[in-house]
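Student: I am sharing upload-v4.txt, which consists of compact mmCIF, C-alpha atoms and all ligand atoms:
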# COMPACT_ATOMS: atom_id res chain seq x y z
CA MET K 9 85.79 88.46 77.79
CA GLN K 10 87.00 92.04 77.93
CA ASN K 11 86.31 93.96 81.05
CA VAL K 12 84.96 97.44 80.22
CA VAL K 13 86.28 98.96 83.43
CA THR K 14 89.74 99.29 81.90
CA GLN K 15 88.57 100.26 78.39
CA VAL K 16 88.41 103.96 79.16
CA PRO K 17 88.65 106.77 78.28
CA ASP K 18 87.15 106.91 74.79
CA ALA K 19 88.68 109.05 72.02
CA THR K 20 87.17 112.23 73.48
CA GLY K 21 88.48 111.49 76.95
CA HIS K 22 85.26 110.27 78.53
CA PHE K 23 85.18 107.80 81.39
CA GLY K 24 81.48 107.07 81.16
CA PRO K 25 79.84 110.42 81.92
CA TYR K 26 83.05 111.86 83.40
CA GLY K 27 86.13 113.53 81.96
CA GLY K 28 86.04 115.24 78.57
CA MET K 29 87.60 118.51 77.40
CA PHE K 30 86.03 121.55 79.03
CA VAL K 31 88.59 124.19 78.12
CA PRO K 32 88.72 127.58 76.39
CA GLU K 33 88.58 127.31 72.58
CA THR K 34 92.23 128.43 72.27
CA LEU K 35 93.39 125.32 74.12
CA MET K 36 91.54 122.79 71.96
CA ALA K 37 94.18 122.72 69.21
CA PRO K 38 97.15 122.32 71.59
CA LEU K 39 95.31 119.60 73.53
CA HIS K 40 94.60 117.72 70.31
CA GLU K 41 98.24 118.11 69.31
CA LEU K 42 99.27 116.76 72.70
CA THR K 43 96.91 113.79 72.35
CA VAL K 44 98.27 112.87 68.92
CA GLU K 45 101.88 113.32 70.03
CA TYR K 46 101.27 111.26 73.14
CA GLU K 47 99.74 108.38 71.19
CA LYS K 48 102.74 108.44 68.83
CA ALA K 49 105.21 108.51 71.70
CA LYS K 50 103.46 105.65 73.46
CA ALA K 51 103.87 103.49 70.36
CA ASP K 52 107.51 104.52 69.85
CA PRO K 53 110.03 102.01 71.28
CA ALA K 54 112.70 104.74 71.49
CA PHE K 55 110.45 106.89 73.70
CA ARG K 56 109.57 103.96 75.90
CA SER K 57 113.13 102.82 76.36
CA GLU K 58 114.39 106.34 77.16
CA LEU K 59 111.63 106.73 79.75
CA LYS K 60 112.43 103.33 81.23
CA PHE K 61 116.11 104.25 81.43
CA LEU K 62 115.37 107.52 83.21
CA LEU K 63 112.91 105.88 85.62
CA GLU K 64 115.53 103.31 86.56
CA GLU K 65 118.85 105.14 86.44
CA TYR K 66 117.73 108.64 87.38
CA ALA K 67 114.63 108.19 89.53
CA GLY K 68 115.45 104.87 91.23
CA ARG K 69 112.85 102.37 89.97
CA PRO K 70 111.80 99.75 90.72
CA THR K 71 110.81 100.84 94.22
CA PRO K 72 110.74 98.15 96.93
CA LEU K 73 107.57 96.41 98.01
CA TYR K 74 108.35 96.29 101.71
CA LEU K 75 106.68 94.00 104.23
CA ALA K 76 105.93 96.26 107.20
CA ASP K 77 106.17 93.46 109.74
CA ARG K 78 106.23 95.55 112.92
CA MET K 79 103.16 97.41 111.70
CA THR K 80 101.53 94.10 110.78
CA GLU K 81 102.30 92.66 114.20
CA LYS K 82 100.96 95.69 116.05
CA LEU K 83 97.73 95.80 114.09
CA GLY K 84 97.15 92.08 114.50
CA GLY K 85 95.43 91.19 111.23
CA ALA K 86 96.31 91.29 107.54
CA LYS K 87 99.90 91.47 106.35
CA VAL K 88 100.73 95.03 105.34
CA TYR K 89 103.10 95.75 102.46
CA LEU K 90 104.23 99.26 101.56
CA LYS K 91 104.96 100.27 97.98
CA ARG K 92 107.88 102.58 98.60
CA GLU K 93 107.33 105.50 96.20
CA ASP K 94 108.83 107.64 98.98
CA LEU K 95 112.24 106.27 98.01
CA LEU K 96 112.13 107.76 94.51
CA HIS K 97 114.30 110.72 93.52
CA THR K 98 112.61 113.92 94.82
CA GLY K 99 110.69 111.90 97.41
CA ALA K 100 107.32 111.07 95.86
CA HIS K 101 105.62 109.30 92.97
CA LYS K 102 105.29 112.59 91.05
CA ILE K 103 108.58 112.08 89.23
CA ASN K 104 107.09 109.17 87.19
CA ASN K 105 104.72 111.55 85.44
CA ALA K 106 107.12 114.49 85.28
CA LEU K 107 109.71 112.40 83.44
CA GLY K 108 107.14 111.09 80.96
CA GLN K 109 105.81 114.54 80.21
CA VAL K 110 109.19 116.26 79.89
CA LEU K 111 110.16 113.71 77.24
CA LEU K 112 106.92 114.53 75.43
CA ALA K 113 107.64 118.27 75.70
CA ARG K 114 111.04 117.71 74.13
CA ARG K 115 109.50 115.67 71.29
CA MET K 116 107.14 118.59 70.63
CA GLY K 117 110.03 121.07 70.59
CA LYS K 118 108.78 123.03 73.61
CA LYS K 119 111.49 125.01 75.39
CA ARG K 120 109.51 126.19 78.37
CA ILE K 121 107.79 124.13 81.08
CA ILE K 122 105.09 125.31 83.45
CA ALA K 123 103.33 123.51 86.30
CA GLU K 124 100.99 124.02 89.23
CA THR K 125 101.79 122.60 92.61
CA GLY K 126 100.01 122.05 95.93
CA ALA K 127 102.31 120.42 98.46
CA GLY K 128 105.22 121.36 96.24
CA GLN K 129 106.12 117.77 95.36
CA HIS K 130 104.93 118.10 91.78
CA GLY K 131 106.66 121.47 91.50
CA VAL K 132 109.90 119.91 92.72
CA ALA K 133 109.55 116.96 90.34
CA THR K 134 108.88 119.33 87.43
CA ALA K 135 111.73 121.70 88.35
CA THR K 136 113.98 118.64 88.57
CA VAL K 137 113.19 117.25 85.12
CA ALA K 138 113.33 120.74 83.60
CA ALA K 139 116.83 121.15 85.04
CA ARG K 140 117.79 117.70 83.79
CA PHE K 141 116.80 118.68 80.23
CA GLY K 142 117.91 122.33 80.35
CA LEU K 143 114.43 123.80 79.98
CA GLU K 144 113.05 127.01 81.47
CA CYS K 145 110.60 126.27 84.28
CA VAL K 146 107.87 128.32 85.98
CA VAL K 147 105.83 126.84 88.84
CA TYR K 148 102.59 128.37 90.13
CA MET K 149 101.87 127.81 93.81
CA GLY K 150 99.24 129.20 96.18
CA ALA K 151 100.69 131.63 98.71
CA VAL K 152 99.19 129.62 101.59
CA ASP K 153 100.82 126.44 100.28
CA MET K 154 104.14 128.27 99.86
CA GLU K 155 104.03 129.03 103.54
CA ARG K 156 103.16 125.52 104.71
CA GLN K 157 105.61 123.90 102.30
CA ALA K 158 108.49 126.36 102.47
CA LEU K 159 111.13 123.65 102.12
CA ASN K 160 109.83 122.67 98.69
CA VAL K 161 109.79 126.31 97.55
CA THR K 162 113.49 126.54 98.35
CA ARG K 163 114.17 123.25 96.58
CA MET K 164 112.44 124.47 93.40
CA ARG K 165 114.43 127.71 93.44
CA LEU K 166 117.68 125.81 93.93
CA LEU K 167 116.75 123.69 90.91
CA GLY K 168 116.51 126.86 88.84
CA ALA K 169 112.74 127.23 88.63
CA THR K 170 110.79 130.44 89.09
CA VAL K 171 108.10 129.98 91.73
CA VAL K 172 105.16 132.36 91.30
CA ALA K 173 103.01 133.00 94.39
CA VAL K 174 99.30 132.89 93.59
CA THR K 175 97.32 135.18 95.89
CA ALA K 176 93.80 134.78 94.44
CA GLY K 177 90.94 133.09 96.33
CA GLN K 178 91.92 130.43 98.83
CA GLN K 179 95.57 130.69 97.67
CA THR K 180 95.96 126.93 97.27
CA LEU K 181 96.02 124.37 94.47
CA LYS K 182 92.87 125.36 92.56
CA GLU K 183 94.09 128.94 92.13
CA ALA K 184 97.54 127.67 91.11
CA VAL K 185 95.92 125.59 88.34
CA ASN K 186 94.00 128.67 87.15
CA GLU K 187 97.22 130.67 86.84
CA ALA K 188 99.03 127.85 85.06
CA MET K 189 96.17 127.56 82.56
CA ARG K 190 96.22 131.33 82.00
CA ASP K 191 99.96 131.14 81.29
CA TRP K 192 99.47 128.18 78.93
CA VAL K 193 96.77 129.92 76.89
CA THR K 194 99.14 132.87 76.42
CA ASN K 195 102.36 130.97 75.69
CA VAL K 196 101.16 127.72 74.21
CA ARG K 197 103.55 127.75 71.22
CA SER K 198 106.69 127.68 73.34
CA THR K 199 105.33 126.02 76.45
CA HIS K 200 104.25 122.60 77.70
CA TYR K 201 102.08 122.45 80.79
CA ILE K 202 103.06 119.47 82.98
CA LEU K 203 99.85 118.86 84.92
CA GLY K 204 100.56 117.00 88.14
CA SER K 205 97.66 114.63 88.68
CA ALA K 206 95.12 112.46 86.86
CA LEU K 207 92.96 115.55 86.48
CA GLY K 208 91.91 118.21 84.01
CA SER K 209 91.10 117.97 80.34
CA HIS K 210 91.78 114.99 78.11
CA PRO K 211 94.47 113.74 77.48
CA TYR K 212 95.90 114.49 80.95
CA PRO K 213 93.93 111.94 83.02
CA LEU K 214 94.85 109.21 80.54
CA MET K 215 98.46 110.26 80.14
CA VAL K 216 99.10 110.72 83.86
CA ARG K 217 97.54 107.31 84.60
CA ASP K 218 99.75 105.66 82.00
CA PHE K 219 102.90 107.27 83.40
CA HIS K 220 102.04 106.09 86.93
CA ARG K 221 100.81 102.57 86.17
CA VAL K 222 104.41 101.47 86.66
CA ILE K 223 103.58 101.56 90.40
CA GLY K 224 100.91 98.87 90.03
CA ASP K 225 102.77 96.89 87.37
CA GLU K 226 105.77 96.57 89.69
CA ALA K 227 103.65 95.86 92.78
CA ARG K 228 101.80 93.09 90.93
CA ARG K 229 105.03 91.45 89.84
CA GLN K 230 106.63 91.86 93.28
CA ILE K 231 103.73 90.42 95.28
CA LEU K 232 103.45 87.43 92.92
CA GLU K 233 107.14 86.75 93.39
CA ARG K 234 106.98 87.17 97.13
CA GLU K 235 103.64 85.58 98.05
CA GLU K 236 102.75 83.69 94.88
CA ARG K 237 99.32 85.30 94.98
CA LEU K 238 97.56 88.61 94.44
CA PRO K 239 96.81 90.95 97.36
CA ASP K 240 93.35 91.15 98.93
CA VAL K 241 93.34 94.92 99.25
CA LEU K 242 95.06 97.92 97.66
CA MET K 243 94.97 101.18 99.57
CA ALA K 244 96.00 104.65 98.37
CA CYS K 245 95.26 108.27 99.19
CA VAL K 246 93.31 110.26 96.60
CA GLY K 247 94.02 113.91 95.89
CA GLY K 248 93.60 114.21 92.14
CA GLY K 249 94.09 110.48 92.19
CA SER K 250 97.35 109.81 90.35
CA ASN K 251 99.17 107.57 92.84
CA ALA K 252 95.92 105.68 93.45
CA ILE K 253 95.12 105.06 89.79
CA GLY K 254 98.77 104.16 89.19
CA LEU K 255 98.55 101.41 91.79
CA PHE K 256 94.99 100.26 91.02
CA TYR K 257 94.93 100.22 87.23
CA PRO K 258 96.95 97.03 86.60
CA PHE K 259 94.72 95.18 89.11
CA LEU K 260 91.31 96.42 87.92
CA GLU K 261 90.53 93.23 86.03
CA ASP K 262 91.41 91.09 89.06
CA LYS K 263 87.99 91.04 90.66
CA GLY K 264 89.24 89.51 93.90
CA VAL K 265 91.42 92.54 94.64
CA ARG K 266 89.58 95.22 96.62
CA CYS K 267 90.71 98.74 95.79
CA ILE K 268 90.19 101.47 98.37
CA GLY K 269 90.86 105.17 97.86
CA VAL K 270 91.18 107.42 100.90
CA GLU K 271 90.19 111.07 100.57
CA ALA K 272 91.01 113.92 102.93
CA GLY K 273 88.35 114.22 105.64
CA GLY K 274 89.90 117.38 107.14
CA TYR K 275 88.04 118.44 110.29
CA GLY K 276 85.27 115.98 109.47
CA ILE K 277 82.46 115.78 106.94
CA LEU K 278 79.83 117.38 109.20
CA ALA K 279 82.11 120.32 109.94
CA GLY K 280 82.09 120.99 106.18
CA LYS K 281 85.84 121.57 106.16
CA HIS K 282 87.32 118.75 104.13
CA ALA K 283 88.33 117.68 100.61
CA ALA K 284 86.31 114.44 100.38
CA ARG K 285 84.62 114.91 97.01
CA PHE K 286 82.71 111.65 97.30
CA GLN K 287 81.20 112.80 100.61
CA GLY K 288 78.90 115.65 99.67
CA GLY K 289 80.43 116.42 96.29
CA THR K 290 78.20 116.62 93.20
CA LEU K 291 78.60 116.35 89.45
CA GLY K 292 80.10 119.44 87.89
CA VAL K 293 82.88 120.83 85.73
CA LEU K 294 86.13 122.21 87.08
CA GLN K 295 89.37 123.04 85.27
CA GLY K 296 88.80 120.91 82.19
CA ALA K 297 86.82 117.87 83.28
CA ARG K 298 83.37 116.78 84.38
CA THR K 299 83.65 114.99 87.69
CA PHE K 300 82.70 115.03 91.38
CA ILE K 301 83.25 118.46 92.83
CA LEU K 302 82.72 120.19 96.14
CA GLN K 303 80.44 123.05 95.08
CA ASP K 304 77.46 124.93 96.44
CA GLY K 305 73.94 124.96 94.97
CA ASN K 306 74.95 127.67 92.48
CA GLY K 307 77.96 125.75 91.23
CA GLN K 308 80.41 127.95 93.14
CA ILE K 309 83.45 125.94 94.21
CA MET K 310 83.52 125.47 97.96
CA ASN K 311 86.51 126.09 100.17
CA THR K 312 88.26 122.86 101.01
CA HIS K 313 90.48 121.96 103.92
CA SER K 314 93.07 119.28 104.60
CA ILE K 315 96.14 119.10 106.79
CA SER K 316 97.92 117.86 103.67
CA ALA K 317 98.30 120.38 100.86
CA GLY K 318 98.54 117.59 98.28
CA LEU K 319 94.98 116.38 98.95
CA ASP K 320 93.41 119.81 99.36
CA TYR K 321 91.50 120.16 96.07
CA ALA K 322 87.80 120.47 95.19
CA ALA K 323 87.69 118.00 92.27
CA VAL K 324 88.62 114.35 91.96
CA GLY K 325 90.14 112.75 88.85
CA PRO K 326 87.33 111.69 86.44
CA GLU K 327 88.44 108.06 86.24
CA HIS K 328 87.87 107.70 89.98
CA ALA K 329 84.29 108.99 89.63
CA TRP K 330 83.78 106.34 86.95
CA LEU K 331 85.34 103.52 88.97
CA ARG K 332 83.15 104.44 91.92
CA ASP K 333 79.99 104.35 89.78
CA GLU K 334 81.08 100.98 88.41
CA GLY K 335 81.49 99.72 91.96
CA ARG K 336 85.07 98.71 91.19
CA VAL K 337 86.80 101.02 93.69
CA GLU K 338 85.57 102.01 97.16
CA TYR K 339 86.27 105.46 98.56
CA ASN K 340 86.38 106.49 102.17
CA TYR K 341 88.10 109.28 104.04
CA CYS K 342 90.39 109.98 106.95
CA THR K 343 90.37 113.08 109.15
CA ASP K 344 93.35 115.32 109.86
CA ASP K 345 93.56 113.85 113.37
CA ASP K 346 93.69 110.26 112.14
CA ALA K 347 96.26 111.16 109.47
CA LEU K 348 98.41 112.80 112.13
CA LYS K 349 98.18 109.66 114.29
CA ALA K 350 99.08 107.46 111.33
CA PHE K 351 102.01 109.76 110.54
CA GLN K 352 103.40 109.20 114.04
CA PHE K 353 102.53 105.51 114.07
CA LEU K 354 104.48 104.71 110.91
CA SER K 355 107.42 106.85 112.03
CA LYS K 356 107.71 105.05 115.37
CA THR K 357 106.76 101.55 114.25
CA GLU K 358 108.66 101.20 111.00
CA GLY K 359 111.19 104.05 111.08
CA ILE K 360 109.56 105.58 108.02
CA ILE K 361 108.28 109.17 108.11
CA PRO K 362 105.50 109.29 105.50
CA ALA K 363 104.19 112.29 103.58
CA MET K 364 101.05 113.61 105.26
CA GLU K 365 99.14 112.62 102.10
CA SER K 366 100.39 109.03 102.34
CA ALA K 367 99.52 109.03 106.05
CA HIS K 368 95.86 109.07 104.95
CA ALA K 369 96.37 105.72 103.22
CA ILE K 370 98.29 104.40 106.24
CA ALA K 371 95.34 105.43 108.43
CA GLY K 372 93.05 103.44 106.15
CA ALA K 373 95.23 100.36 106.64
CA ILE K 374 95.39 100.89 110.40
CA GLU K 375 91.60 100.76 110.46
CA LEU K 376 91.16 97.85 108.07
CA ALA K 377 94.03 95.45 108.84
CA PRO K 378 92.77 94.30 112.29
CA THR K 379 89.42 93.31 110.72
CA LEU K 380 91.12 90.94 108.24
CA LYS K 381 92.71 87.53 108.72
CA SER K 382 96.45 86.99 109.10
CA ASP K 383 96.68 85.24 105.74
CA GLN K 384 95.27 88.27 103.94
CA ILE K 385 97.40 90.95 102.30
CA ILE K 386 97.09 94.74 102.04
CA ILE K 387 99.35 96.79 99.79
CA VAL K 388 99.50 100.46 100.74
CA CYS K 389 100.91 103.04 98.36
CA LEU K 390 103.42 105.04 100.36
CA SER K 391 103.25 107.86 97.84
CA GLY K 392 105.92 110.07 99.37
CA ARG K 393 108.25 110.82 102.24
CA GLY K 394 107.44 113.21 105.03
CA ASP K 395 110.43 115.54 105.31
CA LYS K 396 108.35 118.37 103.84
CA ASP K 397 105.72 117.92 106.59
CA VAL K 398 107.99 117.68 109.61
CA GLN K 399 107.89 121.37 110.48
CA GLN K 400 104.10 121.59 110.26
CA VAL K 401 103.67 118.44 112.37
CA ALA K 402 106.12 119.79 114.97
CA GLN K 403 103.97 122.92 115.23
CA VAL K 404 100.72 120.99 115.61
CA LEU K 405 102.19 118.59 118.18
CA GLY K 406 104.19 121.27 119.96
CA ILE K 407 107.43 119.26 119.84
C1 LIG D 501 100.71 115.07 95.27
C2 LIG D 501 100.74 113.99 96.24
C3 LIG D 501 99.60 113.20 96.50
C4 LIG D 501 98.25 113.48 95.91
O1 LIG D 501 98.18 113.42 94.53
P1 LIG D 501 97.51 112.21 93.78
O2 LIG D 501 97.45 112.71 92.37
O3 LIG D 501 96.16 111.97 94.36
O4 LIG D 501 98.41 111.05 93.92
C5 LIG D 501 99.73 112.12 97.35
N1 LIG D 501 100.90 111.84 97.96
C6 LIG D 501 102.01 112.60 97.77
C7 LIG D 501 103.25 112.23 98.47
C8 LIG D 501 101.96 113.68 96.90
O5 LIG D 501 103.07 114.41 96.71
Could you render the structure from this file as structure tokens?

Tutor:
Amino acid sequence: MQNVVTQVPDATGHFGPYGGMFVPETLMAPLHELTVEYEKAKADPAFRSELKFLLEEYAGRPTPLYLADRMTEKLGGAKVYLKREDLLHTGAHKINNALGQVLLARRMGKKRIIAETGAGQHGVATATVAARFGLECVVYMGAVDMERQALNVTRMRLLGATVVAVTAGQQTLKEAVNEAMRDWVTNVRSTHYILGSALGSHPYPLMVRDFHRVIGDEARRQILEREERLPDVLMACVGGGSNAIGLFYPFLEDKGVRCIGVEAGGYGILAGKHAARFQGGTLGVLQGARTFILQDGNGQIMNTHSISAGLDYAAVGPEHAWLRDEGRVEYNYCTDDDALKAFQFLSKTEGIIPAMESAHAIAGAIELAPTLKSDQIIIVCLSGRGDKDVQQVAQVLGI
């Protein structure tokens, strides 16, 4: 019997009531073109083998599935494995999607690449693939994010990209997406927009999921080799939701595998300063898709807060809203304080400095592992490395 949970989206990009194409009329034609071109590419063995080659030889796949045995021992419960996306070229999972989309852009004859970025990891991944293929690259980034992720701004510039500071509104990811969309509407003939998460209008949530499912496909193969069984729990942080859906998707039909997404709890849900869309978010439309959004009673987007720029966004990817409704994936959250503790814990226990985003997933495992038995297995997606966060953490900790 087919399991409907994985049979989404439909041809119009709907995951149940979520997703869709809520964009200005001028973008409908280019989005349809992108959908058609993507479907063709997906079926083309030459496209698939070039992408596979780049993922392996350029980006460093497959990434290890590492048994964190000191962490496991300290927590005293389930065995914890880390899927090491932090070891990829440019330091996070983002390169999986950037490589896929740059190949698509080239197929479509686009000479110019644009992107939005929050923590700067997607901007760096995009600037990297643009350099690799000799394409012009413009990255939009909130001015506040540019300040807290200065290292990544420098990296993008070194890679030849133009980084445009966005000073509207909260000066973070949402405003950067607005500017990128404005640019795309104006320059759509020459330009491909490499969106960085499983967000926005169809076909992006589908395409981005497909480009990241390599995380879960590898993890599934690796754990079967290593343990001769499937894991009990998968854990990943959820910003837009790309690393999470990449890990979860290949396991969705395995009903015995619990999937848990961890959102950014910021200063706490009661304090109202967070980015946990499933805690107090409501159904709405933002930047191309219908999904769970942090908005006020008039539909105005609320200010969000997270210690990690990569999770600091008011909307969640539409497929996650669907998987939550279906009861297939659970979502909880972790506060800034707990993420900071997890950041230090992993650094000192395993000698791995995680991205602050990934530290949210680590915090989830720290909480859950001791409640499970020693023959149970958790796989945590270590979505990125923490070099970019070191300066901010040093400031907070006063070290
Ligand atoms: C961007 C980013 C995230 C959040 O994005 P998702 O689309 O939710 O995966 C998480 N971890 C790292 C390291 C990132 O760079």

Student: Tell me, in Å to one decimal, how far atom CA of Gln129 of chain K is from atom CA of Gly68 of chain K.

Tutor: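 Interatomic distance, atom CA of Gln129 of chain K to atom CA of Gly68 of chain K: 16.4 Å.
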
Student: Give me the residues within 10 Å of Gly335 of chain K as a list in words, counting only C-alpha atoms and dropping any in the same chain fewer than 5 places off.

Tutor: Val13, Ala329 and Trp330 of chain K

Student: Name the residues, by chain letter and number, that sit within 9 Å of ligand LIG 501 (chain D) using only C-alpha atoms and all ligand atoms, and give them as an MDAnalysis selection string.

Tutor: chainID K and resid 93:94 99:102 125:130 204:207 216 244:254 271 316:320 324:325 362:367 389:394

Student: Which neighbours of Thr43 of chain K fall inside 10 Å, counting all atoms listed in the file, when residues of the same chain fewer than 2 positions from it are skipped, and could you give them as a VMD selection string?

Tutor: chain K and resid 19 to 21 37 to 41 45 to 49 210 to 212 214 to 215

Student: In terms of the shortest atom-to-atom distance over all atoms listed in the file, which of K:His328, K:Arg228, K:Arg237, K:Thr194 is closest to Pro32 of chain K?

Tutor: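 Ranking K:His328, K:Arg228, K:Arg237, K:Thr194 by distance to Pro32 of chain K, first place goes to K:Thr194.
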
Student: Within 12 Å of Thr379 of chain K, counting only C-alpha atoms, which residues show up once you throw out same-chain ones fewer than 5 positions away? Write them as a list of chain:residue names, please.

Tutor: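 Contacts, with the query itself left out: K:Leu83, K:Gly84, K:Gly85, K:Ala86, K:Lys87, K:Gly372, K:Ala373, K:Ile374, K:Gln384, K:Ile385, K:Ile386.
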
Student: Excluding same-chain residues fewer than 2 positions from Lys50 of chain K, what lies within 12 Å of it counting only C-alpha atoms, as a PDB file with C-alpha atoms, in the frame of the given file?

Tutor:
ATOM      1  CA  LEU K  42      99.270 116.760  72.700  1.00  0.00           C
ATOM      2  CA  THR K  43      96.910 113.790  72.350  1.00  0.00           C
ATOM      3  CA  VAL K  44      98.270 112.870  68.920  1.00  0.00           C
ATOM      4  CA  GLU K  45     101.880 113.320  70.030  1.00  0.00           C
ATOM      5  CA  TYR K  46     101.270 111.260  73.140  1.00  0.00           C
ATOM      6  CA  GLU K  47      99.740 108.380  71.190  1.00  0.00           C
ATOM      7  CA  LYS K  48     102.740 108.440  68.830  1.00  0.00           C
ATOM      8  CA  ASP K  52     107.510 104.520  69.850  1.00  0.00           C
ATOM      9  CA  PRO K  53     110.030 102.010  71.280  1.00  0.00           C
ATOM     10  CA  ALA K  54     112.700 104.740  71.490  1.00  0.00           C
ATOM     11  CA  PHE K  55     110.450 106.890  73.700  1.00  0.00           C
ATOM     12  CA  ARG K  56     109.570 103.960  75.900  1.00  0.00           C
ATOM     13  CA  SER K  57     113.130 102.820  76.360  1.00  0.00           C
ATOM     14  CA  GLU K  58     114.390 106.340  77.160  1.00  0.00           C
ATOM     15  CA  LEU K  59     111.630 106.730  79.750  1.00  0.00           C
ATOM     16  CA  GLY K 108     107.140 111.090  80.960  1.00  0.00           C
ATOM     17  CA  GLN K 109     105.810 114.540  80.210  1.00  0.00           C
ATOM     18  CA  LEU K 111     110.160 113.710  77.240  1.00  0.00           C
ATOM     19  CA  LEU K 112     106.920 114.530  75.430  1.00  0.00           C
ATOM     20  CA  ARG K 115     109.500 115.670  71.290  1.00  0.00           C
ATOM     21  CA  LEU K 214      94.850 109.210  80.540  1.00  0.00           C
ATOM     22  CA  MET K 215      98.460 110.260  80.140  1.00  0.00           C
ATOM     23  CA  ASP K 218      99.750 105.660  82.000  1.00  0.00           C
ATOM     24  CA  PHE K 219     102.900 107.270  83.400  1.00  0.00           C
TER      25      PHE K 219
END

Student: With distances taken over only C-alpha atoms, which residue among K:Glu338, K:Ile370, K:Cys267, K:Gln295 lies nearest Ala350 of chain K?

Tutor: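 For Ala350 of chain K, the nearest of the given residues is K:Ile370.
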
Student: Record the distance separating atom CA of Glu187 of chain K and atom CA of Ala138 of chain K, expressed in Å with one decimal.

Tutor: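 Pair atom CA of Glu187 of chain K / atom CA of Ala138 of chain K returns 19.2 Å.
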
Student: In file coordinates, which residues lie within 7 Å of (88.2, 118.0, 77.9) using all atoms listed in the file, given as a PyMOL selection string?

Tutor: chain K and resi 21+27-31+209-210+296-297

Student: Using only C-alpha atoms, find the one residue out of K:Val88, K:Gly406, K:Gln179, K:Gly307 that sits nearest to Leu376 of chain K.

Tutor: K:Val88
